[in-house]
$ cat entry_5.cif   # mmCIF, C-alpha atoms
data_run
loop_
_atom_site.label_atom_id
_atom_site.label_comp_id
_atom_site.auth_asym_id
_atom_site.auth_seq_id
_atom_site.Cartn_x
_atom_site.Cartn_y
_atom_site.Cartn_z
CA MET A 958 -2.03 19.78 144.30
CA MET A 959 -3.47 18.02 141.28
CA ALA A 960 -2.25 19.07 137.80
CA ASN A 961 -4.33 18.87 134.62
CA VAL A 962 -2.56 16.96 131.87
CA ASP A 963 -3.72 16.55 128.26
CA VAL A 964 -2.98 13.03 126.98
CA PHE A 965 -3.19 11.90 123.37
CA VAL A 966 -2.97 8.17 122.62
CA GLY A 967 -2.79 6.68 119.14
CA ASN A 968 -1.28 4.14 116.79
CA ASP A 969 -0.80 5.35 113.22
CA THR A 970 -0.25 9.08 113.40
CA LEU A 971 -2.71 11.18 111.42
CA ILE A 972 -1.57 14.62 110.33
CA ASP A 973 -4.32 17.12 109.61
CA PRO A 974 -3.41 18.60 106.19
CA ASP A 975 -4.79 22.04 107.08
CA ILE A 976 -2.76 22.24 110.29
CA TYR A 977 0.32 20.94 108.45
CA GLN A 978 -0.05 23.70 105.88
CA LEU A 979 -0.41 26.30 108.62
CA TRP A 980 2.81 24.97 110.19
CA LEU A 981 4.58 25.09 106.82
CA ASN A 982 3.35 28.66 106.34
CA GLY A 983 5.30 29.67 109.45
CA ASN A 984 2.42 30.24 111.85
CA THR A 985 2.75 29.71 115.58
CA ALA A 986 0.41 27.21 117.24
CA HIS A 987 -1.74 30.04 118.61
CA GLU A 988 -1.92 31.74 115.20
CA ALA A 989 -2.83 28.44 113.55
CA ALA A 990 -5.55 27.75 116.12
CA SER A 991 -7.01 31.23 115.59
CA ILE A 992 -7.12 30.64 111.83
CA GLU A 993 -8.82 27.27 112.36
CA GLN A 994 -11.32 28.97 114.70
CA LYS A 995 -12.20 31.52 112.00
CA ARG A 996 -12.82 28.65 109.58
CA GLY A 997 -15.65 27.49 111.85
CA ASN A 998 -14.08 24.28 113.11
CA LEU A 999 -15.08 24.95 116.74
CA GLN A 1000 -18.78 25.17 115.85
CA GLN A 1001 -18.54 22.05 113.69
CA TYR A 1002 -17.22 19.84 116.50
CA GLY A 1003 -18.54 21.71 119.52
CA ALA A 1004 -15.02 22.26 120.85
CA THR A 1005 -13.62 25.12 122.90
CA PHE A 1006 -10.70 27.24 121.70
CA ASN A 1007 -8.41 25.68 124.32
CA MET A 1008 -9.26 22.21 123.04
CA LEU A 1009 -8.47 23.32 119.49
CA LEU A 1010 -5.20 24.93 120.62
CA ALA A 1011 -4.21 21.72 122.44
CA ASP A 1012 -4.81 19.71 119.28
CA VAL A 1013 -2.77 22.16 117.18
CA ASP A 1014 0.01 22.13 119.80
CA ASP A 1015 0.11 18.35 119.62
CA HIS A 1016 0.33 18.48 115.82
CA PHE A 1017 3.15 21.01 115.97
CA ARG A 1018 5.12 18.88 118.46
CA THR A 1019 4.79 15.91 116.15
CA LEU A 1020 5.82 17.97 113.14
CA ARG A 1021 8.90 19.27 114.92
CA ILE A 1022 9.95 15.65 115.53
CA LEU A 1023 9.24 14.76 111.91
CA GLU A 1024 11.11 17.74 110.49
CA ARG A 1025 14.56 16.23 110.97
CA TYR A 1026 13.42 13.28 108.85
CA LEU A 1027 11.84 15.54 106.26
CA LYS A 1028 15.26 17.13 105.81
CA SER A 1029 16.53 13.63 104.87
CA PRO A 1030 13.42 12.14 103.23
CA ASP A 1031 14.96 8.70 102.63
CA LYS A 1032 15.11 8.24 106.43
CA LEU A 1033 11.42 8.97 106.98
CA SER A 1034 10.31 5.49 105.95
CA THR A 1035 12.81 3.77 108.27
CA GLN A 1036 12.39 5.89 111.42
CA LEU A 1037 10.56 4.26 114.33
CA GLU A 1038 9.49 7.28 116.38
CA ILE A 1039 6.25 8.02 114.59
CA GLN A 1040 4.17 5.58 112.57
CA ILE A 1041 2.99 7.13 109.32
CA SER A 1042 1.55 5.39 106.27
CA PRO A 1043 3.63 5.43 103.07
CA ASP A 1044 1.01 7.53 101.27
CA GLN A 1045 1.04 10.14 104.01
CA GLN A 1046 4.85 10.14 104.04
CA ASN A 1047 4.85 11.02 100.34
CA ILE A 1048 2.38 13.85 100.92
CA LEU A 1049 4.38 15.24 103.86
CA ILE A 1050 7.64 15.23 101.87
CA GLU A 1051 6.12 16.82 98.76
CA LYS A 1052 4.40 19.56 100.75
CA TYR A 1053 7.53 20.24 102.82
CA TYR A 1054 9.61 20.87 99.69
CA GLU A 1055 7.00 22.86 97.80
CA PHE A 1056 7.77 26.56 97.65
CA ASP A 1057 6.19 29.91 96.93
CA PRO A 1058 7.26 31.12 93.45
CA ALA A 1059 7.38 34.69 94.78
CA ILE A 1060 10.02 33.72 97.35
CA VAL A 1061 12.09 31.68 94.89
CA ARG A 1062 11.99 34.57 92.41
CA GLU A 1063 13.64 36.76 95.07
CA ILE A 1064 16.30 34.13 95.82
CA LEU A 1065 16.94 33.01 92.24
CA GLY A 1066 20.41 33.76 90.91
CA LYS A 1067 21.84 34.66 94.33
CA LYS A 1068 24.49 32.70 96.18
CA LEU A 1069 22.99 30.50 98.88
CA THR A 1070 25.06 32.06 101.65
CA SER A 1071 24.29 32.89 105.27
CA ARG A 1072 24.37 36.59 104.30
CA HIS A 1073 21.45 36.12 101.91
CA ARG A 1074 19.65 33.93 104.45
CA ASN A 1075 19.96 36.72 107.00
CA ALA A 1076 18.44 39.13 104.47
CA LEU A 1077 15.24 37.10 104.18
CA ASP A 1078 13.47 39.66 106.41
CA ASP A 1079 13.22 41.87 103.32
CA VAL A 1080 11.88 38.98 101.24
CA SER A 1081 9.32 38.21 103.93
CA GLU A 1082 8.18 41.82 104.04
CA LYS A 1083 7.99 42.09 100.25
CA THR A 1084 6.10 38.81 99.72
CA ARG A 1085 4.07 39.00 102.96
CA ILE A 1086 5.08 35.43 103.75
CA PRO A 1087 6.22 34.72 107.34
CA LEU A 1088 9.97 34.71 107.90
CA ARG A 1089 9.94 31.14 109.24
CA SER A 1090 8.48 29.92 105.97
CA CYS A 1091 11.00 31.95 103.94
CA ARG A 1092 13.86 30.41 105.89
CA ARG A 1093 12.51 26.88 105.47
CA GLN A 1094 12.24 27.35 101.72
CA PHE A 1095 15.72 28.87 101.48
CA ASP A 1096 17.19 26.01 103.53
CA ASN A 1097 15.42 23.42 101.34
CA ILE A 1098 16.84 24.97 98.17
CA LYS A 1099 20.34 25.06 99.66
CA ARG A 1100 20.00 21.46 100.88
CA VAL A 1101 18.96 20.20 97.44
CA PHE A 1102 21.70 22.23 95.72
CA LYS A 1103 24.45 20.90 98.01
CA ALA A 1104 23.23 17.32 97.59
CA VAL A 1105 23.20 17.20 93.78
CA GLU A 1106 25.67 19.83 92.52
CA GLU A 1107 28.54 17.34 92.16
CA MET A 1108 26.48 14.37 90.97
CA ASN A 1109 26.69 12.98 87.46
CA GLY A 1110 23.51 12.09 85.63
CA SER A 1111 20.15 13.76 85.27
CA LEU A 1112 19.51 16.58 87.73
CA VAL A 1113 15.80 15.75 87.83
CA GLU A 1114 16.39 12.05 88.47
CA ASN A 1115 19.04 12.76 91.11
CA ILE A 1116 16.67 15.09 92.95
CA LYS A 1117 13.83 12.59 92.72
CA ALA A 1118 16.05 9.79 94.02
CA ASN A 1119 17.53 11.76 96.93
CA PHE A 1120 14.48 13.74 98.02
CA LEU A 1121 11.60 11.52 96.82
CA LEU A 1122 9.88 14.41 95.03
CA SER A 1123 7.44 14.35 92.14
CA HIS A 1124 8.80 14.83 88.62
CA GLU A 1125 7.26 18.30 88.31
CA LEU A 1126 8.71 19.58 91.58
CA ALA A 1127 12.09 17.98 90.84
CA GLN A 1128 12.16 19.81 87.48
CA GLN A 1129 11.62 23.10 89.27
CA TYR A 1130 14.43 22.39 91.72
CA ALA A 1131 16.66 21.35 88.79
CA ALA A 1132 16.13 24.78 87.24
CA ILE A 1133 17.11 26.48 90.51
CA VAL A 1134 20.26 24.35 90.85
CA PHE A 1135 21.25 25.04 87.23
CA ILE A 1136 20.78 28.81 87.54
CA THR A 1137 22.66 28.92 90.86
CA ASN A 1138 25.53 26.79 89.59
CA ASN A 1139 26.00 28.83 86.40
CA ARG A 1140 25.58 32.15 88.24
CA PHE A 1141 23.10 33.80 85.88
CA ASP A 1142 22.51 37.39 86.95
CA LEU A 1143 18.76 37.85 87.49
CA SER A 1144 19.01 40.79 89.88
CA LYS A 1145 18.51 43.63 87.38
CA LYS A 1146 15.29 45.59 87.84
CA LYS A 1147 14.44 45.20 84.15
CA LEU A 1148 14.16 41.45 84.65
CA SER A 1149 11.73 41.71 87.56
CA TYR A 1150 8.71 41.19 85.27
CA LEU A 1151 9.90 37.67 84.49
CA THR A 1152 8.34 34.90 86.58
CA PHE A 1153 9.84 31.79 88.07
CA THR A 1154 7.94 29.82 85.41
CA ASP A 1155 9.77 31.76 82.69
CA PHE A 1156 13.14 30.77 84.13
CA VAL A 1157 12.11 27.13 84.61
CA HIS A 1158 11.22 26.97 80.91
CA CYS A 1159 14.48 28.58 79.77
CA THR A 1160 16.78 26.61 82.05
CA ASN A 1161 15.16 23.30 81.20
CA MET A 1162 15.77 24.12 77.52
CA MET A 1163 19.43 24.86 78.36
CA ILE A 1164 19.77 21.60 80.28
CA ALA A 1165 18.25 19.68 77.38
CA HIS A 1166 20.39 21.28 74.64
CA TRP A 1167 23.39 23.11 76.12
CA SER A 1168 24.55 20.96 79.03
CA TYR A 1169 27.06 18.11 78.96
CA SER A 1170 24.23 15.58 79.10
CA SER A 1171 22.44 16.95 76.01
CA GLN A 1172 22.18 14.59 73.07
CA GLU A 1173 24.02 17.14 70.89
CA CYS A 1174 27.07 17.12 73.16
CA THR A 1175 30.02 15.42 71.40
CA ASP A 1176 31.78 14.61 74.71
CA HIS A 1177 28.74 13.17 76.41
CA GLU A 1178 29.49 13.34 80.15
CA ASP A 1179 25.99 12.77 81.52
CA ASN A 1180 26.10 15.95 83.58
CA ASP A 1181 23.15 18.35 83.69
CA VAL A 1182 24.67 20.91 86.04
CA ASP A 1183 27.38 22.38 83.79
CA LEU A 1184 27.18 23.91 80.33
CA ASP A 1185 29.04 22.15 77.51
CA LYS A 1186 32.24 24.24 77.25
CA ASP A 1187 33.13 22.83 73.82
CA PHE A 1188 29.77 24.02 72.52
CA LEU A 1189 30.33 27.51 73.92
CA GLN A 1190 33.78 27.60 72.33
CA ASP A 1191 32.39 26.41 68.98
CA LEU A 1192 29.87 29.25 69.03
CA ARG A 1193 32.71 31.68 68.37
CA GLU A 1194 32.94 30.22 64.85
CA VAL A 1195 29.46 31.47 63.91
CA LYS A 1196 31.05 34.92 63.55
CA ILE A 1197 31.39 33.99 59.88
CA LEU A 1198 27.61 34.49 59.55
CA THR A 1199 28.06 38.25 59.99
CA GLU A 1200 29.82 38.45 56.63
CA ARG A 1201 27.78 40.33 54.07
CA GLU A 1202 27.23 37.45 51.64
CA ASN A 1203 25.94 35.20 54.44
CA LEU A 1204 23.56 37.87 55.77
CA ASP A 1205 22.24 38.48 52.23
CA ASP A 1206 21.88 34.74 51.68
CA HIS A 1207 19.86 34.31 54.87
CA ARG A 1208 17.72 37.35 54.12
CA GLN A 1209 16.72 35.94 50.74
CA LEU A 1210 15.85 32.61 52.34
CA ILE A 1211 13.65 34.41 54.87
CA TYR A 1212 11.78 36.27 52.11
CA LYS A 1213 11.22 33.08 50.10
CA SER A 1214 9.49 31.54 53.12
CA SER A 1215 6.45 33.85 52.73
CA VAL A 1216 7.22 35.41 56.08
CA LYS A 1217 5.45 38.62 55.04
CA ALA A 1218 2.07 36.88 54.98
CA LYS A 1219 2.63 35.36 58.42
CA MET A 1220 3.64 38.48 60.36
CA SER A 1221 1.86 41.71 61.25
CA PRO A 1222 2.69 44.72 59.01
CA ASN A 1223 4.64 46.49 61.78
CA ALA A 1224 6.78 43.45 62.55
CA PHE A 1225 7.51 42.62 58.92
CA SER A 1226 8.41 46.25 58.19
CA ASP A 1227 10.91 46.08 61.06
CA VAL A 1228 12.40 42.83 59.72
CA ASP A 1229 12.63 44.30 56.23
CA ALA A 1230 14.47 47.40 57.46
CA ASN A 1231 16.66 45.87 60.16
CA PHE A 1232 17.25 42.22 59.32
CA LYS A 1233 21.03 42.50 59.09
CA SER A 1234 21.47 44.37 62.38
CA PHE A 1235 18.99 42.03 64.07
CA SER A 1236 20.86 38.97 62.81
CA LYS A 1237 24.22 40.42 63.86
CA ILE A 1238 22.89 40.87 67.41
CA LEU A 1239 21.90 37.18 67.60
CA ILE A 1240 25.27 36.11 66.19
CA ASN A 1241 27.31 38.37 68.50
CA LEU A 1242 25.35 37.14 71.53
CA ALA A 1243 26.26 33.59 70.54
CA CYS A 1244 29.94 34.44 70.08
CA GLY A 1245 30.15 35.96 73.56
CA LEU A 1246 28.68 33.07 75.55
CA ASN A 1247 32.09 31.51 76.14
CA HIS A 1248 32.91 34.53 78.34
CA SER A 1249 31.56 34.15 81.87
CA LYS A 1250 30.22 37.71 82.12
CA ASP A 1251 28.32 37.48 78.83
CA LEU A 1252 26.89 34.15 79.95
CA ARG A 1253 25.76 35.60 83.29
CA ASP A 1254 24.06 38.46 81.41
CA PHE A 1255 22.30 36.15 78.92
CA PHE A 1256 18.77 37.04 80.05
CA LEU A 1257 19.46 40.76 80.33
CA ASP A 1258 21.08 40.84 76.87
CA ILE A 1259 18.10 39.07 75.30
CA LEU A 1260 15.77 41.58 76.92
CA GLU A 1261 17.71 44.74 76.03
CA LYS A 1262 18.99 43.80 72.60
CA ILE A 1263 16.08 41.81 71.16
CA ILE A 1264 12.85 41.94 73.16
CA GLU A 1265 12.77 45.67 73.91
CA PRO A 1266 13.46 46.74 70.29
CA CYS A 1267 10.77 44.31 69.07
CA ARG A 1268 8.28 45.70 71.58
CA ALA A 1269 9.13 49.26 70.49
CA SER A 1270 8.42 48.29 66.86
CA GLY A 1271 5.03 46.82 67.76
CA TRP A 1272 5.77 43.10 67.41
CA LEU A 1273 3.05 40.75 68.67
CA VAL A 1274 3.84 37.51 70.50
CA GLN A 1275 2.73 35.63 67.38
CA ASP A 1276 5.23 37.64 65.31
CA VAL A 1277 8.06 36.58 67.59
CA GLN A 1278 7.00 32.93 67.39
CA VAL A 1279 6.69 32.97 63.60
CA PHE A 1280 9.92 34.86 62.96
CA PHE A 1281 12.15 32.71 65.17
CA HIS A 1282 10.69 29.51 63.78
CA ILE A 1283 11.40 30.66 60.21
CA TYR A 1284 14.78 32.17 61.14
CA GLN A 1285 15.99 28.90 62.63
CA GLU A 1286 14.54 26.73 59.87
CA THR A 1287 15.98 28.79 57.00
CA SER A 1288 19.41 29.28 58.60
CA GLN A 1289 20.25 25.65 57.91
CA HIS A 1290 20.15 26.43 54.16
CA ILE A 1291 22.71 29.24 54.28
CA THR A 1292 25.51 28.25 51.91
CA ALA A 1293 28.22 28.67 54.56
CA LEU A 1294 26.39 26.26 56.88
CA ARG A 1295 25.46 23.70 54.24
CA SER A 1296 29.17 23.20 53.62
CA ASN A 1297 29.99 22.92 57.36
CA GLN A 1298 27.63 20.49 59.10
CA ASN A 1299 29.30 20.82 62.50
CA LEU A 1300 28.85 24.59 62.50
CA ALA A 1301 25.27 24.17 61.26
CA ASN A 1302 24.54 21.87 64.23
CA VAL A 1303 26.12 24.33 66.68
CA TRP A 1304 24.09 27.24 65.29
CA ASP A 1305 20.86 25.21 65.34
CA ARG A 1306 21.56 24.14 68.93
CA TYR A 1307 22.01 27.79 69.93
CA LEU A 1308 18.90 29.05 68.13
CA ARG A 1309 16.67 26.31 69.49
CA VAL A 1310 17.25 27.50 73.05
CA THR A 1311 17.62 31.24 72.44
CA GLY A 1312 14.51 31.45 70.27
CA SER A 1313 12.45 29.49 72.81
CA CYS A 1314 13.66 31.76 75.64
CA ILE A 1315 12.83 34.92 73.67
CA VAL A 1316 9.30 33.67 72.96
CA GLN A 1317 8.82 32.70 76.63
CA MET A 1318 10.13 36.07 77.86
CA TYR A 1319 8.10 38.14 75.42
CA HIS A 1320 5.38 39.42 77.73
CA LEU A 1321 4.81 42.38 80.00
#

$ encode --input "entry_5.cif" --output "structure tokens"
Amino acid sequence: MMANVDVFVGNDTLIDPDIYQLWLNGNTAHEAASIEQKRGNLQQYGATFNMLLADVDDHFRTLRILERYLKSPDKLSTQLEIQISPDQQNILIEKYYEFDPAIVREILGKKLTSRHRNALDDVSEKTRIPLRSCRRQFDNIKRVFKAVEEMNGSLVENIKANFLLSHELAQQYAAIVFITNNRFDLSKKKLSYLTFTDFVHCTNMMIAHWSYSSQECTDHEDNDVDLDKDFLQDLREVKILTERENLDDHRQLIYKSSVKAKMSPNAFSDVDANFKSFSKILINLACGLNHSKDLRDFFLDILEKIIEPCRASGWLVQDVQVFFHIYQETSQHITALRSNQNLANVWDRYLRVTGSCIVQMYHL
């Protein structure tokens, strides 16, 4: 009895980008072929559905072989099983490690354990992204985290070197690694309005100004993953700014800056009535960051203690931008800080990140 066998012969392997994306999305070969059929590809080439399915099957077999090299991208260029051009290798790696922001937002801040991996069914249902794709993205994040968490040097550069990713994608992974390593709590329902982009902005600011590799760090250790503990300890000293004469001094500096003309009436009225309590909140948040719980709750505290009261008082986004710019700029002229340059630098370092995070988070 004769058997029908489909044979594909080639030299350099060509990967159809549409089929590759369907594979990355977690579709089966039959599902992918059906999607390709609906796109009109059968009519375009005069092929039958079985011919299309055979082609998709062949692609999927090739991709399953390639996947073990995609998990270790530096080995892709040296493997001899499948010939792929360097340009296509770069595209395959970049696409394999790209992720859906909606999935990452659900994972962000959680431990990368098997328990959370097993709970990805809920993430899949919530985001309407196939479970296979959710698992691939979770595994990629865990793989990157495990590879770079103990490395010295720039997180972004380490990720680029080990996984051959673009600078933009490496920056996004760096933010995930930083949040995971420092165990920020992002699980509260109030924080659900914040996007992955919001957290990338805030964490990259922290890496630049609060980590051991920041230029402001006195014990420069060239380490992006951990926060500068000396800086967090020094923040306790800003408690002196809650003393009445320092609050009055700062308030007068704020008024001399013509802030009234730059803010909406509602926002300025709130500043005028509540400047001291507002300033004390910022100072007390700073003083508590050396405690692990307060650090984990950084984003929630900003939301509850600063953003929500500002929203309730009718502040516009522009008001927030103007106020924090002026607040930071004028604080350097407070008498207590002019006579203590180290404390002035610590306070400026804190405000630069906190103010930027508040502005970024100030949306619905």

$ resolve_selection --input "entry_5.cif" --expression "the PyMOL selection byres ((chain A and resi 1141-1158) around 10)" --output "PyMOL selection string"
chain A and resi 1057-1067+1128-1133+1135-1140+1159-1163+1249-1257+1260-1261+1310+1313-1314+1316-1321

$ atom_distance --input "entry_5.cif" --atom1 "CA of Phe1006 (chain A)" --atom2 "CA of Cys1091 (chain A)"
28.4 Å

$ residues_around --input "entry_5.cif" --residues "Ser1214 (chain A)" --least-positions-apart "4" --cutoff "9 Å" --atoms "only C-alpha atoms" --output "PDB file with C-alpha atoms, keeping the file's coordinate frame"
ATOM      1  CA  GLN A1209      16.720  35.940  50.740  1.00  0.00           C
ATOM      2  CA  LEU A1210      15.850  32.610  52.340  1.00  0.00           C
ATOM      3  CA  ILE A1283      11.400  30.660  60.210  1.00  0.00           C
ATOM      4  CA  THR A1287      15.980  28.790  57.000  1.00  0.00           C
TER       5      THR A1287
END

$ atom_distance --input "entry_5.cif" --atom1 "CA of Tyr1169 (chain A)" --atom2 "CA of Gly1110 (chain A)"
9.7 Å

$ resolve_selection --input "entry_5.cif" --expression "the PyMOL selection byres ((chain A and resi 1196-1201) around 9)" --output "mmCIF file with C-alpha atoms, in the coordinates of the input"
data_model
loop_
_atom_site.group_PDB
_atom_site.id
_atom_site.type_symbol
_atom_site.label_atom_id
_atom_site.label_comp_id
_atom_site.auth_asym_id
_atom_site.auth_seq_id
_atom_site.Cartn_x
_atom_site.Cartn_y
_atom_site.Cartn_z
ATOM 1 C CA LEU A 1192 29.870 29.250 69.030
ATOM 2 C CA ARG A 1193 32.710 31.680 68.370
ATOM 3 C CA GLU A 1194 32.940 30.220 64.850
ATOM 4 C CA VAL A 1195 29.460 31.470 63.910
ATOM 5 C CA GLU A 1202 27.230 37.450 51.640
ATOM 6 C CA ASN A 1203 25.940 35.200 54.440
ATOM 7 C CA LEU A 1204 23.560 37.870 55.770
ATOM 8 C CA ASP A 1205 22.240 38.480 52.230
ATOM 9 C CA ASP A 1206 21.880 34.740 51.680
ATOM 10 C CA LYS A 1233 21.030 42.500 59.090
ATOM 11 C CA SER A 1236 20.860 38.970 62.810
ATOM 12 C CA LYS A 1237 24.220 40.420 63.860
ATOM 13 C CA ILE A 1240 25.270 36.110 66.190
ATOM 14 C CA ASN A 1241 27.310 38.370 68.500
ATOM 15 C CA ALA A 1243 26.260 33.590 70.540
ATOM 16 C CA CYS A 1244 29.940 34.440 70.080
ATOM 17 C CA ILE A 1291 22.710 29.240 54.280
ATOM 18 C CA ALA A 1293 28.220 28.670 54.560
ATOM 19 C CA LEU A 1294 26.390 26.260 56.880
#

$ closest_residue --input "entry_5.cif" --among "A:Gln1001, A:Asn1075, A:Gln1285, A:Ser1296" --to "Gly1312 (chain A)" --atoms "only C-alpha atoms"
A:Gln1285

$ resolve_selection --input "entry_5.cif" --expression "the PyMOL selection byres ((chain A and resi 1277) around 10)" --output "PyMOL selection string"
chain A and resi 1220+1224+1264+1267-1268+1272-1276+1278-1282+1312-1313+1315-1317+1319

$ atom_distance --input "entry_5.cif" --atom1 "CA of Ile972 (chain A)" --atom2 "CA of His987 (chain A)"
17.5 Å

$ closest_residue --input "entry_5.cif" --among "A:Asn1115, A:Ser1221, A:Asn1302, A:Asn1247" --to "Ser1288 (chain A)" --atoms "all atoms listed in the file"
A:Asn1302

$ axis_aligned_box --input "entry_5.cif" --around "region 1205-1220 of chain A" --padding-each-side "8 Å" --output "lines of an AutoDock Vina configuration file"
center_x = 12.2
center_y = 35.1
center_z = 55.2
size_x = 36.2
size_y = 23.1
size_z = 26.3

$ residues_around --input "entry_5.cif" --residues "Ser1081 (chain A)" --least-positions-apart "5" --cutoff "9 Å" --atoms "only C-alpha atoms" --output "PyMOL selection string"
chain A and resi 1060+1086-1091

$ decode --input "entry_5.cif" --residues "region 1160-1167 of chain A" --atoms "all heavy atoms" --output "tab-separated table (two decimals), in the first residue's frame"
chain	number	residue	atom	x	y	z
A	1160	THR	N	10.01	53.00	37.43
A	1160	THR	CA	11.14	52.15	37.82
A	1160	THR	C	12.42	52.58	37.13
A	1160	THR	O	13.51	52.51	37.74
A	1160	THR	CB	10.85	50.67	37.54
A	1160	THR	OG1	10.43	50.52	36.18
A	1160	THR	CG2	9.77	50.15	38.44
A	1161	ASN	N	12.34	53.04	35.89
A	1161	ASN	CA	13.55	53.51	35.23
A	1161	ASN	C	14.08	54.78	35.90
A	1161	ASN	O	15.29	55.01	35.95
A	1161	ASN	CB	13.30	53.74	33.74
A	1161	ASN	CG	13.31	52.43	32.95
A	1161	ASN	OD1	14.04	51.50	33.26
A	1161	ASN	ND2	12.49	52.35	31.92
A	1162	MET	N	13.18	55.61	36.45
A	1162	MET	CA	13.62	56.76	37.24
A	1162	MET	C	14.32	56.30	38.53
A	1162	MET	O	15.34	56.85	38.93
A	1162	MET	CB	12.42	57.65	37.59
A	1162	MET	CG	11.88	58.48	36.43
A	1162	MET	SD	13.05	59.74	35.87
A	1162	MET	CE	13.11	60.83	37.31
A	1163	MET	N	13.76	55.27	39.17
A	1163	MET	CA	14.39	54.74	40.38
A	1163	MET	C	15.76	54.15	40.09
A	1163	MET	O	16.71	54.36	40.85
A	1163	MET	CB	13.48	53.66	41.01
A	1163	MET	CG	12.20	54.19	41.62
A	1163	MET	SD	11.23	52.83	42.32
A	1163	MET	CE	9.77	53.72	42.86
A	1164	ILE	N	15.86	53.40	39.00
A	1164	ILE	CA	17.15	52.82	38.63
A	1164	ILE	C	18.18	53.93	38.39
A	1164	ILE	O	19.33	53.84	38.83
A	1164	ILE	CB	17.00	51.94	37.37
A	1164	ILE	CG1	16.21	50.67	37.70
A	1164	ILE	CG2	18.37	51.57	36.80
A	1164	ILE	CD1	15.81	49.85	36.48
A	1165	ALA	N	17.75	54.99	37.72
A	1165	ALA	CA	18.66	56.08	37.37
A	1165	ALA	C	19.11	56.88	38.59
A	1165	ALA	O	20.24	57.39	38.62
A	1165	ALA	CB	18.00	57.00	36.34
A	1166	HIS	N	18.24	57.00	39.62
A	1166	HIS	CA	18.54	57.93	40.72
A	1166	HIS	C	18.58	57.30	42.12
A	1166	HIS	O	19.12	57.92	43.04
A	1166	HIS	CB	17.52	59.07	40.71
A	1166	HIS	CG	17.53	59.87	39.46
A	1166	HIS	ND1	18.57	60.72	39.13
A	1166	HIS	CD2	16.64	59.93	38.42
A	1166	HIS	CE1	18.31	61.29	37.95
A	1166	HIS	NE2	17.17	60.83	37.51
A	1167	TRP	N	18.01	56.09	42.27
A	1167	TRP	CA	17.96	55.50	43.61
A	1167	TRP	C	18.76	54.22	43.74
A	1167	TRP	O	18.93	53.72	44.85
A	1167	TRP	CB	16.51	55.21	44.02
A	1167	TRP	CG	15.69	56.43	44.33
A	1167	TRP	CD1	16.07	57.74	44.23
A	1167	TRP	CD2	14.33	56.44	44.81
A	1167	TRP	NE1	15.03	58.56	44.59
A	1167	TRP	CE2	13.95	57.79	44.96
A	1167	TRP	CE3	13.40	55.44	45.11
A	1167	TRP	CZ2	12.68	58.17	45.40
A	1167	TRP	CZ3	12.14	55.81	45.55
A	1167	TRP	CH2	11.78	57.17	45.70
